[in-house]
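Next up, work08.cif (mmCIF, C-alpha atoms):
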data_upload
#
loop_
_atom_site.label_atom_id
_atom_site.label_comp_id
_atom_site.auth_asym_id
_atom_site.auth_seq_id
_atom_site.Cartn_x
_atom_site.Cartn_y
_atom_site.Cartn_z
CA MET A 1 93.43 34.94 74.05
CA ALA A 2 93.01 38.36 75.59
CA THR A 3 90.14 39.11 77.89
CA ASP A 4 87.53 41.73 77.19
CA ARG A 5 87.28 42.93 80.75
CA PRO A 6 86.97 46.69 81.34
CA ARG A 7 90.05 48.75 81.95
CA THR A 8 90.99 49.25 85.59
CA THR A 9 89.39 52.35 87.07
CA PRO A 10 89.95 53.94 90.50
CA VAL A 11 86.70 52.39 91.72
CA ALA A 12 87.73 48.97 90.41
CA ARG A 13 91.10 49.25 92.15
CA VAL A 14 89.41 50.04 95.47
CA LEU A 15 87.04 47.08 95.04
CA ARG A 16 89.98 44.80 94.25
CA VAL A 17 91.76 45.84 97.44
CA CYS A 18 88.57 45.25 99.42
CA LEU A 19 88.24 41.80 97.85
CA HIS A 20 91.81 40.90 98.86
CA LEU A 21 91.13 42.06 102.41
CA LEU A 22 87.89 40.06 102.51
CA VAL A 23 89.63 36.83 101.46
CA ALA A 24 92.42 37.37 103.99
CA GLY A 25 89.93 38.16 106.74
CA LEU A 26 87.77 35.10 106.08
CA LEU A 27 90.78 32.77 106.01
CA ALA A 28 92.08 34.30 109.24
CA LEU A 29 88.63 33.92 110.82
CA ALA A 30 88.48 30.23 109.91
CA VAL A 31 91.91 29.63 111.46
CA VAL A 32 91.09 31.61 114.62
CA ARG A 33 87.82 29.73 115.13
CA ALA A 34 89.54 26.40 114.59
CA VAL A 35 92.30 27.26 117.08
CA ALA A 36 89.64 28.39 119.56
CA GLY A 37 88.04 24.95 119.26
CA HIS A 38 84.83 25.99 117.53
CA ASP A 39 84.98 24.22 114.17
CA GLY A 40 87.52 21.85 112.61
CA ASP A 41 90.94 20.53 113.40
CA PRO A 42 93.32 23.48 113.90
CA ALA A 43 96.21 21.86 112.05
CA ALA A 44 94.11 20.84 109.06
CA VAL A 45 92.34 24.21 108.87
CA THR A 46 95.64 26.10 109.16
CA ALA A 47 97.26 24.02 106.45
CA ALA A 48 94.30 24.34 104.07
CA ALA A 49 93.95 28.08 104.74
CA GLY A 50 97.69 28.62 104.22
CA ALA A 51 97.60 26.77 100.89
CA THR A 52 94.58 28.78 99.78
CA ALA A 53 96.23 32.06 100.81
CA ALA A 54 99.42 31.15 98.94
CA VAL A 55 97.57 30.30 95.72
CA TYR A 56 95.41 33.39 96.01
CA ALA A 57 98.41 35.67 96.58
CA ALA A 58 100.19 34.21 93.56
CA GLY A 59 97.34 35.16 91.22
CA PRO A 60 97.94 38.96 91.09
CA LEU A 61 101.67 38.33 90.67
CA ILE A 62 101.17 36.20 87.55
CA GLY A 63 100.65 38.60 84.66
CA ALA A 64 99.05 35.94 82.44
CA VAL A 65 96.10 35.66 84.84
CA GLY A 66 95.04 39.19 83.99
CA ARG A 67 95.62 38.80 80.24
CA SER A 68 94.36 35.33 79.37
CA ARG A 69 91.12 33.60 80.29
CA ARG A 70 92.82 30.24 79.99
CA ALA A 71 95.45 31.22 82.57
CA ALA A 72 92.72 32.73 84.75
CA ALA A 73 90.70 29.51 84.54
CA LEU A 74 93.71 27.40 85.55
CA TRP A 75 94.45 29.66 88.49
CA LEU A 76 90.81 29.60 89.60
CA ALA A 77 90.76 25.80 89.32
CA LEU A 78 93.83 25.51 91.55
CA LEU A 79 92.32 28.01 93.96
CA GLY A 80 89.13 25.94 93.98
CA VAL A 81 91.09 22.80 94.92
CA THR A 82 92.74 24.51 97.90
CA TRP A 83 89.39 26.04 98.89
CA ALA A 84 87.87 22.58 98.79
CA GLY A 85 90.45 21.59 101.39
CA VAL A 86 89.22 24.43 103.60
CA LEU A 87 85.62 23.29 103.03
CA VAL A 88 86.49 19.77 104.12
CA ALA A 89 88.39 20.98 107.19
CA THR A 90 85.81 23.49 108.51
CA PRO A 91 82.28 24.70 107.70
CA ASP A 92 83.60 28.28 107.95
CA GLY A 93 85.12 27.73 104.52
CA VAL A 94 81.64 28.28 103.06
CA TRP A 95 82.03 32.02 103.52
CA LEU A 96 84.91 32.11 101.03
CA ALA A 97 82.43 31.32 98.28
CA PHE A 98 81.28 34.94 98.25
CA PRO A 99 84.60 36.54 97.17
CA LEU A 100 85.16 33.61 94.79
CA TYR A 101 81.93 34.54 92.98
CA PHE A 102 83.34 37.98 92.15
CA LEU A 103 86.67 36.55 91.03
CA GLU A 104 85.01 34.10 88.66
CA LEU A 105 82.68 36.68 87.16
CA HIS A 106 85.53 39.14 86.69
CA LEU A 107 88.14 36.82 85.23
CA LEU A 108 85.95 34.54 83.12
CA GLY A 109 83.45 35.37 80.38
CA ARG A 110 79.78 35.94 81.03
CA ARG A 111 78.68 32.33 80.44
CA SER A 112 81.77 30.71 81.93
CA GLY A 113 81.61 33.00 84.92
CA VAL A 114 77.97 32.20 85.68
CA ALA A 115 78.70 28.46 85.31
CA ALA A 116 81.67 28.75 87.69
CA VAL A 117 79.54 30.63 90.19
CA GLY A 118 76.93 27.87 90.01
CA LEU A 119 79.53 25.15 90.65
CA THR A 120 80.99 27.14 93.55
CA ALA A 121 77.53 27.58 95.12
CA VAL A 122 76.80 23.83 94.79
CA ALA A 123 80.15 22.98 96.39
CA ALA A 124 79.44 25.34 99.27
CA ILE A 125 75.95 23.93 99.81
CA VAL A 126 77.13 20.31 99.72
CA ALA A 127 80.05 20.95 102.09
CA TYR A 128 77.94 22.86 104.59
CA SER A 129 75.22 20.22 104.51
CA ALA A 130 77.84 17.51 105.14
CA HIS A 131 79.19 19.38 108.14
CA GLN A 132 75.69 19.91 109.53
CA HIS A 133 74.63 16.33 108.71
CA THR A 134 71.43 17.63 107.21
CA VAL A 135 69.98 18.32 103.77
CA GLY A 136 67.40 21.04 103.28
CA VAL A 137 66.60 24.53 102.14
CA ALA A 138 68.37 26.35 104.98
CA PRO A 139 71.96 25.38 104.03
CA ALA A 140 71.32 26.49 100.43
CA ILE A 141 69.87 29.94 101.13
CA GLY A 142 73.14 31.68 102.00
CA PRO A 143 75.29 30.50 99.06
CA LEU A 144 72.46 31.00 96.58
CA LEU A 145 71.66 34.52 97.77
CA GLY A 146 75.36 35.38 97.71
CA ALA A 147 75.66 34.04 94.15
CA ALA A 148 72.62 36.02 92.98
CA PHE A 149 73.93 39.20 94.59
CA ALA A 150 77.39 38.77 93.02
CA VAL A 151 75.95 38.14 89.54
CA ALA A 152 73.64 41.16 89.77
CA THR A 153 76.41 43.43 91.08
CA VAL A 154 79.04 42.45 88.51
CA PHE A 155 76.66 42.54 85.54
CA GLY A 156 75.24 45.87 86.70
CA TYR A 157 78.73 47.34 87.01
CA GLN A 158 79.69 46.06 83.56
CA ALA A 159 76.53 47.56 82.05
CA LEU A 160 77.24 50.92 83.65
CA TYR A 161 80.84 50.75 82.48
CA ARG A 162 79.82 50.02 78.90
CA GLU A 163 77.36 52.89 78.97
CA SER A 164 80.03 55.20 80.39
CA GLU A 165 82.52 54.13 77.72
CA GLU A 166 79.95 54.69 74.99
CA ARG A 167 79.21 58.14 76.35
CA ARG A 168 82.94 58.91 76.52
CA ARG A 169 83.38 57.73 72.94
CA LEU A 170 80.51 59.91 71.76
CA ILE A 171 81.95 62.91 73.62
CA ASP A 172 85.36 62.30 72.05
CA GLU A 173 83.78 62.09 68.60
CA LEU A 174 81.81 65.27 69.22
CA THR A 175 84.93 67.07 70.43
CA ALA A 176 86.88 65.90 67.41
CA ALA A 177 84.04 66.94 65.08
CA ARG A 178 83.89 70.41 66.64
CA ALA A 179 87.66 70.75 66.33
CA ASP A 180 87.51 69.68 62.68
CA LEU A 181 84.68 72.13 62.05
CA ALA A 182 86.60 74.97 63.69
CA THR A 183 89.68 74.08 61.65
CA ALA A 184 87.61 74.03 58.47
CA HIS A 185 86.07 77.43 59.27
CA HIS A 186 89.50 78.86 60.01
CA ALA A 187 90.96 77.43 56.81
CA ALA A 188 88.03 78.81 54.81
CA GLY A 189 88.54 82.25 56.36
CA VAL A 190 92.25 82.18 55.66
CA LEU A 191 91.63 81.08 52.07
CA ALA A 192 89.04 83.80 51.53
CA GLU A 193 91.37 86.47 52.89
CA ARG A 194 94.23 85.20 50.75
CA GLU A 195 92.02 85.29 47.67
CA ARG A 196 90.95 88.85 48.48
CA LEU A 197 94.52 90.03 48.96
CA ALA A 198 95.61 88.19 45.81
CA ARG A 199 92.94 89.98 43.78
CA GLU A 200 93.87 93.35 45.24
CA ILE A 201 97.59 92.85 44.61
CA HIS A 202 97.02 91.54 41.10
CA ASP A 203 94.77 94.44 40.13
CA THR A 204 96.97 97.18 41.64
CA LEU A 205 100.56 96.48 42.63
CA ALA A 206 101.23 93.76 40.04
CA GLN A 207 99.79 95.87 37.22
CA GLY A 208 101.77 98.89 38.37
CA LEU A 209 105.04 96.92 38.55
CA THR A 210 104.38 95.59 35.06
CA SER A 211 103.92 99.15 33.78
CA ILE A 212 107.18 100.25 35.43
CA GLN A 213 109.01 97.37 33.80
CA LEU A 214 107.64 98.26 30.34
CA LEU A 215 108.48 101.94 30.76
CA LEU A 216 112.06 101.20 31.82
CA ARG A 217 112.51 98.88 28.86
CA ALA A 218 111.25 101.61 26.54
CA ALA A 219 113.67 104.05 28.13
CA GLN A 220 116.50 101.58 27.66
CA ARG A 221 115.69 101.24 23.97
CA ALA A 222 115.57 105.02 23.55
CA LEU A 223 119.08 105.45 24.96
CA PRO A 224 121.47 106.92 23.95
CA GLU A 225 120.02 108.48 20.79
CA ARG A 226 116.78 109.87 22.22
CA THR A 227 117.67 110.98 25.71
CA GLU A 228 114.68 113.32 26.00
CA THR A 229 112.26 110.51 25.20
CA ALA A 230 114.07 108.17 27.60
CA GLY A 231 113.80 110.81 30.30
CA GLU A 232 110.03 110.97 29.77
CA TYR A 233 109.81 107.21 30.14
CA VAL A 234 111.86 107.30 33.34
CA GLU A 235 109.65 110.08 34.74
CA GLN A 236 106.55 108.05 33.95
CA ALA A 237 108.12 104.99 35.65
CA ARG A 238 108.95 107.09 38.72
CA GLN A 239 105.38 108.34 38.93
CA ALA A 240 104.07 104.75 38.58
CA ALA A 241 106.40 103.65 41.39
CA GLN A 242 105.09 106.50 43.57
CA ASP A 243 101.51 105.49 42.83
CA ASN A 244 102.26 101.87 43.74
CA LEU A 245 103.98 102.96 46.94
CA ASP A 246 100.87 104.92 47.89
CA GLU A 247 98.76 101.88 47.09
CA ALA A 248 100.95 99.66 49.29
CA ARG A 249 100.57 102.13 52.12
CA ARG A 250 96.81 101.97 51.69
CA PHE A 251 97.04 98.21 52.06
CA VAL A 252 98.91 98.63 55.34
CA ARG A 253 96.37 101.15 56.57
CA ALA A 254 93.57 98.76 55.68
CA LEU A 255 95.13 96.17 58.00
CA THR A 256 95.77 98.65 60.81
CA PRO A 257 93.14 100.26 63.08
CA PRO A 258 92.55 103.91 62.08
CA ALA A 259 93.29 104.97 65.65
CA LEU A 260 96.90 103.83 65.19
CA GLU A 261 97.54 105.66 61.93
CA GLY A 262 100.47 107.92 62.65
CA ASP A 263 100.17 107.50 66.43
CA THR A 264 101.71 105.30 69.09
CA LEU A 265 99.67 102.89 71.19
CA PRO A 266 99.62 105.13 74.32
CA VAL A 267 98.26 108.02 72.21
CA ALA A 268 95.62 105.75 70.68
CA LEU A 269 94.61 104.48 74.12
CA GLU A 270 94.44 108.05 75.44
CA ARG A 271 92.10 108.92 72.59
CA LEU A 272 90.02 105.79 73.26
CA CYS A 273 89.66 106.66 76.95
CA ALA A 274 88.64 110.22 76.13
CA THR A 275 86.12 109.05 73.55
CA THR A 276 84.65 106.51 75.98
CA SER A 277 84.35 109.18 78.66
CA VAL A 278 82.52 111.54 76.33
CA ARG A 279 80.36 109.15 74.32
CA GLY A 280 79.79 106.43 76.92
CA GLY A 281 79.43 108.65 79.97
CA LEU A 282 82.02 106.53 81.79
CA PRO A 283 85.03 108.33 83.29
CA VAL A 284 88.10 106.41 82.12
CA ARG A 285 91.68 107.16 83.18
CA LEU A 286 94.80 105.95 81.39
CA GLN A 287 98.06 105.19 83.17
CA VAL A 288 101.29 104.34 81.34
CA SER A 289 104.24 102.97 83.29
CA GLY A 290 107.69 101.78 82.38
CA GLU A 291 110.08 102.81 79.64
CA ARG A 292 108.15 103.07 76.40
CA VAL A 293 109.49 100.93 73.57
CA PRO A 294 108.22 100.53 70.00
CA LEU A 295 105.84 97.60 69.71
CA PRO A 296 105.19 95.43 66.67
CA VAL A 297 102.04 96.44 64.79
CA PRO A 298 100.24 93.15 65.64
CA HIS A 299 100.85 93.79 69.34
CA GLU A 300 99.54 97.35 69.13
CA VAL A 301 96.50 96.21 67.17
CA ALA A 302 95.71 93.40 69.62
CA LEU A 303 96.08 95.57 72.73
CA LEU A 304 94.01 98.39 71.25
CA ARG A 305 91.25 95.99 70.13
CA ILE A 306 91.19 94.30 73.55
CA ALA A 307 90.92 97.66 75.29
CA GLN A 308 88.12 98.71 72.94
CA SER A 309 86.21 95.49 73.57
CA ALA A 310 86.72 95.62 77.33
CA LEU A 311 85.59 99.24 77.65
CA GLY A 312 82.66 98.52 75.33
CA ASN A 313 81.54 95.69 77.62
CA THR A 314 81.97 97.95 80.64
CA VAL A 315 79.80 100.69 79.12
CA ARG A 316 77.09 98.27 77.96
CA HIS A 317 76.89 95.82 80.83
CA ALA A 318 78.80 96.83 83.97
CA GLY A 319 77.02 100.00 85.10
CA ALA A 320 80.37 101.18 86.46
CA GLY A 321 81.14 104.53 88.05
CA HIS A 322 84.63 104.72 86.60
CA ALA A 323 87.26 102.59 84.86
CA GLU A 324 91.01 102.60 84.61
CA VAL A 325 93.28 101.41 81.81
CA THR A 326 96.93 100.69 82.62
CA LEU A 327 99.59 100.08 79.98
CA SER A 328 102.83 98.75 81.48
CA PHE A 329 106.10 98.44 79.58
CA MET A 330 108.39 95.86 81.17
CA PRO A 331 111.62 94.20 80.04
CA GLY A 332 110.57 91.78 77.32
CA GLU A 333 106.85 92.18 78.03
CA VAL A 334 103.96 94.60 77.76
CA ALA A 335 100.86 94.40 79.93
CA LEU A 336 97.39 95.88 79.61
CA ASP A 337 94.97 96.00 82.56
CA VAL A 338 91.38 97.23 82.42
CA VAL A 339 89.68 97.67 85.80
CA ASP A 340 86.14 98.85 86.58
CA ASP A 341 83.96 99.11 89.68
CA GLY A 342 80.81 97.81 87.99
CA ALA A 343 78.34 95.06 88.74
CA GLY A 344 80.78 92.26 87.88
CA PHE A 345 79.83 88.77 86.73
CA ASP A 346 80.71 85.09 87.12
CA PRO A 347 83.43 84.24 84.54
CA GLU A 348 82.92 80.51 85.04
CA ALA A 349 79.20 80.78 84.29
CA VAL A 350 79.94 82.72 81.10
CA ARG A 351 82.53 80.12 80.05
CA THR A 352 80.05 77.30 80.74
CA ARG A 353 77.32 78.94 78.66
CA ALA A 354 79.75 79.50 75.80
CA ALA A 355 81.00 75.89 75.95
CA GLY A 356 77.42 74.62 75.94
CA GLY A 357 76.53 76.61 72.87
CA GLY A 358 74.49 79.19 74.79
CA ASP A 359 74.77 82.96 74.91
CA GLY A 360 78.21 83.12 76.45
CA GLY A 361 79.23 86.25 74.56
CA TYR A 362 81.90 86.66 71.93
CA GLY A 363 84.01 89.41 73.51
CA LEU A 364 85.96 87.36 76.07
CA PRO A 365 86.80 84.45 73.71
CA SER A 366 87.87 86.96 71.06
CA MET A 367 90.15 88.81 73.48
CA ARG A 368 91.62 85.55 74.74
CA ALA A 369 92.25 84.40 71.16
CA ARG A 370 94.04 87.67 70.29
CA ALA A 371 96.35 87.29 73.28
CA ARG A 372 97.12 83.63 72.66
CA ALA A 373 97.79 84.25 68.96
CA LEU A 374 100.75 86.43 70.02
CA GLY A 375 102.00 83.98 72.65
CA GLY A 376 100.53 85.95 75.55
CA THR A 377 98.16 85.28 78.43
CA PHE A 378 94.68 86.57 79.16
CA ALA A 379 92.93 86.52 82.53
CA VAL A 380 89.66 87.84 83.94
CA GLU A 381 88.86 88.24 87.63
CA SER A 382 85.33 89.21 88.57
CA ALA A 383 82.45 88.37 90.85
CA PRO A 384 78.89 89.69 91.11
CA GLY A 385 78.98 93.09 92.80
CA GLU A 386 82.78 93.29 92.95
CA GLY A 387 83.77 94.83 89.63
CA THR A 388 86.00 93.33 86.96
CA VAL A 389 89.75 93.12 86.35
CA LEU A 390 90.97 92.16 82.89
CA ALA A 391 94.69 91.50 82.38
CA VAL A 392 96.68 90.85 79.20
CA LEU A 393 100.40 90.07 79.08
CA LEU A 394 102.25 89.86 75.75
CA PRO A 395 105.91 89.04 75.12
CA VAL A 396 107.76 91.67 73.08
CA PRO A 397 110.00 90.14 70.41
CA GLY A 398 113.57 91.37 70.49
CA GLU A 399 113.35 92.54 74.12
CA GLU A 400 115.10 90.53 76.84
CA SER A 401 113.24 89.77 80.04
CA SER A 402 114.94 90.59 83.29
#
For the structure just supplied, provide its representation as structure tokens.
Amino acid sequence: MATDRPRTTPVARVLRVCLHLLVAGLLALAVVRAVAGHDGDPAAVTAAAGATAAVYAAGPLIGAVGRSRRAAALWLALLGVTWAGVLVATPDGVWLAFPLYFLELHLLGRRSGVAAVGLTAVAAIVAYSAHQHTVGVAPAIGPLLGAAFAVATVFGYQALYRESEERRRLIDELTAARADLATAHHAAGVLAERERLAREIHDTLAQGLTSIQLLLRAAQRALPERTETAGEYVEQARQAAQDNLDEARRFVRALTPPALEGDTLPVALERLCATTSVRGGLPVRLQVSGERVPLPVPHEVALLRIAQSALGNTVRHAGAGHAEVTLSFMPGEVALDVVDDGAGFDPEAVRTRAAGGGDGGYGLPSMRARARALGGTFAVESAPGEGTVLAVLLPVPGEESS
């Protein structure tokens, strides 16, 4: 039968070590006092203390003691027998009752543990009274107070542990629910976009391809007798193909920022910096380093959007005197850095507000998501009054890193 004791925590491990040290110290104290001639026969005390120490040390080495209450009860019973020998040999054995209380409450169930603590306290009171040759309230105060303290401490710890576990379970459920909700929102967005593209393709490209197919079939039927008619059909099919090609290009343009139409990323960034300088009143300088290589469209789109968002935040919130955008082409990688000398902010505070559902802003999470979606990294360094540095690093497919 498995126990229902809490899992071992760092605090519990420290307490267990302290309990072992307490038992060892009390046994050593009883032996030292007996050898010094204070209480008990030294040989008897040493023998009883050695037997108790041996049984106690064997407990942690026996795996069944930690897994089964029956094995724990047998071990505690044997430990109680050897402890009784210490009680008979010296009154100092009474002090071992205190660590025994914690062992019994930890290894046994609530009811069995309290019953074992009661029996241990009675044994300690009886033994001490026999050594003192007196019966009264005084010999009972110490063991009873120790038992009450042990019960209150262990039960209080268990209550706190259960509350902590319940809170952890609720947090895990909330985290899982938020993840499921985010997944559902993402899936809904993907489905909606697929449906939109499916409608567009069906109503344009698919219809156009169907027309081309019909015209070519008509031309095939007209050959070879009516070559002029077949030629008209072929011309009409060619024009339909041209129209569909133009439509496909419009689809591509719809998925690409207008600033990139017909231009490279450095040119688009140059235009963005100039526009920001004129419309936002913020002097922005662009620097391009490294050997320029063609980038995939998703990379160009992500870097341009991140630069737009970063400069937009700088204009709206930073109060900066100037900003600098650096685009660096490196072997196998491309980096974008946006630096300003504005008021700065605390990135950790913004992240905490966003995680707590407050007004943490959408710009930084969106930029981070764009970078991670392409296998890159995103970092922000800032502090109040020290400006802001935003860095993005993306791997370039097909380029080998040095």
Worksheet item: the PyMOL selection byres ((chain A and resi 127) around 12) on the file shown: which residues, as a PyMOL selection string?
Response: chain A and resi 83-95+97+120-126+128-135+139-140+143
Worksheet item: Got a sec to resolve the PyMOL selection byres ((chain A and resi 150) around 9) on this structure and send the residues as a ChimeraX atom specification?
Response: /A:98-99,101-102,105,117,145-149,151-155
Item to complete: Using the chain letters and numbers from the file, give me the residues hit by the PyMOL selection byres ((chain A and resi 374) around 12), as an MDAnalysis selection string.
Response: chainID A and resid 296:303 333:334 367:373 375:378 392:397
Worksheet entry | Length of the CA of Gly319 in chain A to CA of Pro283 in chain A vector [Å] |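 Atom-to-atom, CA of Gly319 in chain A and CA of Pro283 in chain A are spaced 11.7 Å apart.
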Worksheet item: Which one of A:Gly290, A:Val267, A:Thr388, A:Leu108 sits closest to Arg67 in chain A if you count all atoms listed in the file?
Response: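 Comparing A:Gly290, A:Val267, A:Thr388, A:Leu108 against Arg67 in chain A, the winner is A:Leu108.
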Worksheet item: Quick one: distance from CA of Gly321 in chain A to CA of Val284 in chain A in Å, one decimal?
Response: 9.3 Å
Practice prompt. Can you work out the spacing between CA of Arg305 in chain A and CA of Ala188 in chain A in Å, to one decimal?
Written response: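 Separation between CA of Arg305 in chain A and CA of Ala188 in chain A: 23.2 Å.
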Item to complete: In the coordinate frame of the file, compute which residues have an atom within 10 Å of (81.9, 92.9, 88.4) when using all atoms listed in the file, and state them as JSON, numbers by chain.
Response: {"A": [314, 317, 318, 319, 320, 339, 340, 341, 342, 343, 344, 345, 346, 347, 381, 382, 383, 384, 385, 386, 387, 388, 389]}
So that I can check the surroundings of Arg285 in chain A, please list as a compact mmCIF listing (two decimals) with C-alpha atoms, in the coordinates of the input every protein, DNA and RNA residue that reaches within 9 Å of it, counting all atoms listed in the file and ignoring chain neighbours fewer than 4 positions away.
# COMPACT_ATOMS: atom_id res chain seq x y z
CA GLU A 270 94.44 108.05 75.44
CA CYS A 273 89.66 106.66 76.95
CA ALA A 274 88.64 110.22 76.13
CA SER A 277 84.35 109.18 78.66
CA HIS A 322 84.63 104.72 86.60
CA ALA A 323 87.26 102.59 84.86
CA GLU A 324 91.01 102.60 84.61
CA VAL A 325 93.28 101.41 81.81
CA THR A 326 96.93 100.69 82.62
Set the distance at 10 Å and use only C-alpha atoms: which residues neighbour Ala54 in chain A once local chain neighbours fewer than 6 positions away are removed? I'd like the list as an mmCIF file with C-alpha atoms, keeping the file's coordinate frame.
data_model
loop_
_atom_site.group_PDB
_atom_site.id
_atom_site.type_symbol
_atom_site.label_atom_id
_atom_site.label_comp_id
_atom_site.auth_asym_id
_atom_site.auth_seq_id
_atom_site.Cartn_x
_atom_site.Cartn_y
_atom_site.Cartn_z
ATOM 1 C CA ALA A 48 94.300 24.340 104.070
ATOM 2 C CA LEU A 79 92.320 28.010 93.960
ATOM 3 C CA THR A 82 92.740 24.510 97.900
#
